[in-house]
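Structure first, commentary second.
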Amino acid sequence: MRPVHHPSEPVLADYASGALADGPSLAVSAHLELCLCCRKATRLFEAVGGEMLQEAPPAEMQADALARALARIERPDPSPKPPARHPGPEGLTLPRALAARGIGRRRFVAPGFWVAPVPSQAADGWRTYVLRAPPGMAVPRHGHNGAEYTVILRGAFFDGDSHYAVGDFAECDEDADHQPQAAGPTPCICLITAQGGLRAHVHLPR
């Protein structure tokens, strides 16, 4: 099944240029592994960026820049083997970028409902984690203090009238006010990266 929900063009453009933050970059990488059309779009953004660099005015190089570049070229290639892809939670095959990063200890917040942190490579204010929700379970209604990107790794969920399945990429921002719910007969496992935390809705008794 091909993904039907994709990163927006600004997100893909930032990914292609290397301007995307660590957590979002990991989420986009996971989506690209499952989405041919976004891989093609990313290559197009990279090609456009290369053309723009060629047209940019020349910049002064450091005195030792050529020597450092030649040293890297002449360095022997160790030809490392790709790391073995160990199965993730519940036998899930993780996207390569996520498998290389690893997943921390799971913390259960309800029966069958857990979150596990994903190590960050930059202190940039993004929190990245894997979430598992049992079939039919909804997360508490909430809003966001910043952007949030979600990639479905297993199962599916509904967010309002929208259905997200394996490989789909969901984007939320400060205007979001929602309550996603796991759909289908299998648990929903997602990779999520968020900036600024959540705004929980607390309903006081009348």
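Please note that chains go A, B, ... in the order of the structure tokens, that every chain numbers its residues from 1, and that ligands are numbered from 1 in the order shown.
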Nearby residues (only C-alpha atoms) at most 9 Å from Ala194 in chain A, same-chain spacing under 6 positions excluded, as a VMD selection string:
chain A and resid 23 to 24 125 to 129 144 to 150
Quick one, how far is CA of Ile103 in chain A from CA of Gly160 in chain A?
28.9 Å
Which one of A:Pro87, A:Gly143, A:Pro119, A:Pro134 sits closest to Cys190 in chain A if you count only C-alpha atoms?
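Counting only C-alpha atoms, the residue closest to Cys190 in chain A is A:Pro134.
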Can you list, as a list in words, every protein, DNA or RNA residue that comes within 10 Å of Leu92 in chain A when you count only C-alpha atoms, leaving out same-chain residues fewer than 5 positions away?
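Returned residues: His86, Pro87, Leu153, Arg154 and Ile189 of chain A.
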Limited to N, CA, C and O atoms, could you put the picked residues into a file as an mmCIF file, in the first residue's frame?
data_model
loop_
_atom_site.group_PDB
_atom_site.id
_atom_site.type_symbol
_atom_site.label_atom_id
_atom_site.label_comp_id
_atom_site.auth_asym_id
_atom_site.auth_seq_id
_atom_site.Cartn_x
_atom_site.Cartn_y
_atom_site.Cartn_z
ATOM 1 N N HIS A 86 17.996 -5.086 13.451
ATOM 2 C CA HIS A 86 17.333 -5.888 14.462
ATOM 3 C C HIS A 86 15.856 -5.498 14.530
ATOM 4 O O HIS A 86 15.515 -4.330 14.344
ATOM 5 N N PRO A 87 14.982 -6.463 14.774
ATOM 6 C CA PRO A 87 13.563 -6.121 14.848
ATOM 7 C C PRO A 87 13.285 -5.169 16.003
ATOM 8 O O PRO A 87 13.941 -5.206 17.038
ATOM 9 N N LEU A 153 4.088 3.509 11.463
ATOM 10 C CA LEU A 153 4.974 2.367 11.246
ATOM 11 C C LEU A 153 4.216 1.048 11.177
ATOM 12 O O LEU A 153 4.658 0.100 10.527
ATOM 13 N N ARG A 154 3.090 0.970 11.876
ATOM 14 C CA ARG A 154 2.239 -0.229 11.848
ATOM 15 C C ARG A 154 0.812 0.192 12.176
ATOM 16 O O ARG A 154 0.593 1.097 12.973
ATOM 17 N N ILE A 189 1.359 1.786 15.754
ATOM 18 C CA ILE A 189 2.675 2.193 16.236
ATOM 19 C C ILE A 189 3.166 3.324 15.339
ATOM 20 O O ILE A 189 3.192 3.184 14.114
#
Contacts of His178 in chain A within 12 Å, only C-alpha atoms, excl. fewer than 4 positions in-chain, as a ChimeraX atom specification:
/A:138-144,158-162,172-174,198-201
Restricted to N, CA and C atoms, what would the selected residues look like written as a PDB file, in the first residue's frame?
ATOM      1  N   ALA A 138      -8.140   5.903  21.771  1.00  0.00           N
ATOM      2  CA  ALA A 138      -7.875   7.279  21.362  1.00  0.00           C
ATOM      3  C   ALA A 138      -6.962   7.946  22.378  1.00  0.00           C
ATOM      4  N   VAL A 139      -6.092   8.795  21.917  1.00  0.00           N
ATOM      5  CA  VAL A 139      -5.271   9.590  22.833  1.00  0.00           C
ATOM      6  C   VAL A 139      -6.140  10.722  23.370  1.00  0.00           C
ATOM      7  N   PRO A 140      -5.824  11.271  24.514  1.00  0.00           N
ATOM      8  CA  PRO A 140      -6.625  12.388  25.034  1.00  0.00           C
ATOM      9  C   PRO A 140      -6.628  13.561  24.056  1.00  0.00           C
ATOM     10  N   ARG A 141      -7.755  14.272  23.994  1.00  0.00           N
ATOM     11  CA  ARG A 141      -7.838  15.439  23.121  1.00  0.00           C
ATOM     12  C   ARG A 141      -6.793  16.467  23.556  1.00  0.00           C
ATOM     13  N   HIS A 142      -6.113  17.051  22.570  1.00  0.00           N
ATOM     14  CA  HIS A 142      -5.021  17.963  22.886  1.00  0.00           C
ATOM     15  C   HIS A 142      -4.763  18.919  21.736  1.00  0.00           C
ATOM     16  N   GLY A 143      -4.019  19.963  22.032  1.00  0.00           N
ATOM     17  CA  GLY A 143      -3.505  20.886  21.034  1.00  0.00           C
ATOM     18  C   GLY A 143      -1.990  20.862  21.072  1.00  0.00           C
ATOM     19  N   HIS A 144      -1.372  21.766  20.313  1.00  0.00           N
ATOM     20  CA  HIS A 144       0.088  21.773  20.204  1.00  0.00           C
ATOM     21  C   HIS A 144       0.636  23.180  20.395  1.00  0.00           C
ATOM     22  N   PHE A 158      -7.350   7.152  12.851  1.00  0.00           N
ATOM     23  CA  PHE A 158      -8.206   8.215  12.339  1.00  0.00           C
ATOM     24  C   PHE A 158      -7.877   9.489  13.097  1.00  0.00           C
ATOM     25  N   ASP A 159      -7.844  10.587  12.352  1.00  0.00           N
ATOM     26  CA  ASP A 159      -7.738  11.915  12.958  1.00  0.00           C
ATOM     27  C   ASP A 159      -8.839  12.748  12.319  1.00  0.00           C
ATOM     28  N   GLY A 160      -9.968  12.843  13.020  1.00  0.00           N
ATOM     29  CA  GLY A 160     -11.137  13.452  12.405  1.00  0.00           C
ATOM     30  C   GLY A 160     -11.625  12.580  11.269  1.00  0.00           C
ATOM     31  N   ASP A 161     -11.775  13.166  10.084  1.00  0.00           N
ATOM     32  CA  ASP A 161     -12.235  12.409   8.921  1.00  0.00           C
ATOM     33  C   ASP A 161     -11.074  11.812   8.119  1.00  0.00           C
ATOM     34  N   SER A 162      -9.860  12.067   8.539  1.00  0.00           N
ATOM     35  CA  SER A 162      -8.692  11.589   7.789  1.00  0.00           C
ATOM     36  C   SER A 162      -8.207  10.254   8.337  1.00  0.00           C
ATOM     37  N   CYS A 172       0.951  18.520  12.045  1.00  0.00           N
ATOM     38  CA  CYS A 172       0.086  19.345  12.881  1.00  0.00           C
ATOM     39  C   CYS A 172       0.858  20.601  13.280  1.00  0.00           C
ATOM     40  N   ASP A 173       0.107  21.666  13.617  1.00  0.00           N
ATOM     41  CA  ASP A 173       0.739  22.886  14.103  1.00  0.00           C
ATOM     42  C   ASP A 173      -0.060  23.439  15.279  1.00  0.00           C
ATOM     43  N   GLU A 174       0.179  24.692  15.629  1.00  0.00           N
ATOM     44  CA  GLU A 174      -0.459  25.286  16.797  1.00  0.00           C
ATOM     45  C   GLU A 174      -1.969  25.387  16.662  1.00  0.00           C
ATOM     46  N   LEU A 198       2.655  19.644  24.306  1.00  0.00           N
ATOM     47  CA  LEU A 198       1.229  19.551  24.038  1.00  0.00           C
ATOM     48  C   LEU A 198       0.441  20.488  24.938  1.00  0.00           C
ATOM     49  N   ARG A 199      -0.752  20.833  24.482  1.00  0.00           N
ATOM     50  CA  ARG A 199      -1.715  21.547  25.318  1.00  0.00           C
ATOM     51  C   ARG A 199      -2.837  20.578  25.625  1.00  0.00           C
ATOM     52  N   ALA A 200      -2.815  20.010  26.824  1.00  0.00           N
ATOM     53  CA  ALA A 200      -3.838  19.059  27.205  1.00  0.00           C
ATOM     54  C   ALA A 200      -5.138  19.785  27.540  1.00  0.00           C
ATOM     55  N   HIS A 201      -6.248  19.161  27.213  1.00  0.00           N
ATOM     56  CA  HIS A 201      -7.560  19.717  27.530  1.00  0.00           C
ATOM     57  C   HIS A 201      -8.048  19.072  28.812  1.00  0.00           C
TER      58      HIS A 201
END
For range 168-170 of chain A, work out the shell of residues within 10 Å, counting only C-alpha atoms and skipping chain neighbours fewer than 4 positions away, then give it as a PyMOL selection string.
chain A and resi 2-8+27-28+30-32+34-35+148-153+156+159+162-164+190-192
State, in Å with one decimal place, the distance from CA of Ala19 in chain A to CA of Gln195 in chain A.
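Going from CA of Ala19 in chain A over to CA of Gln195 in chain A covers 15.6 Å.
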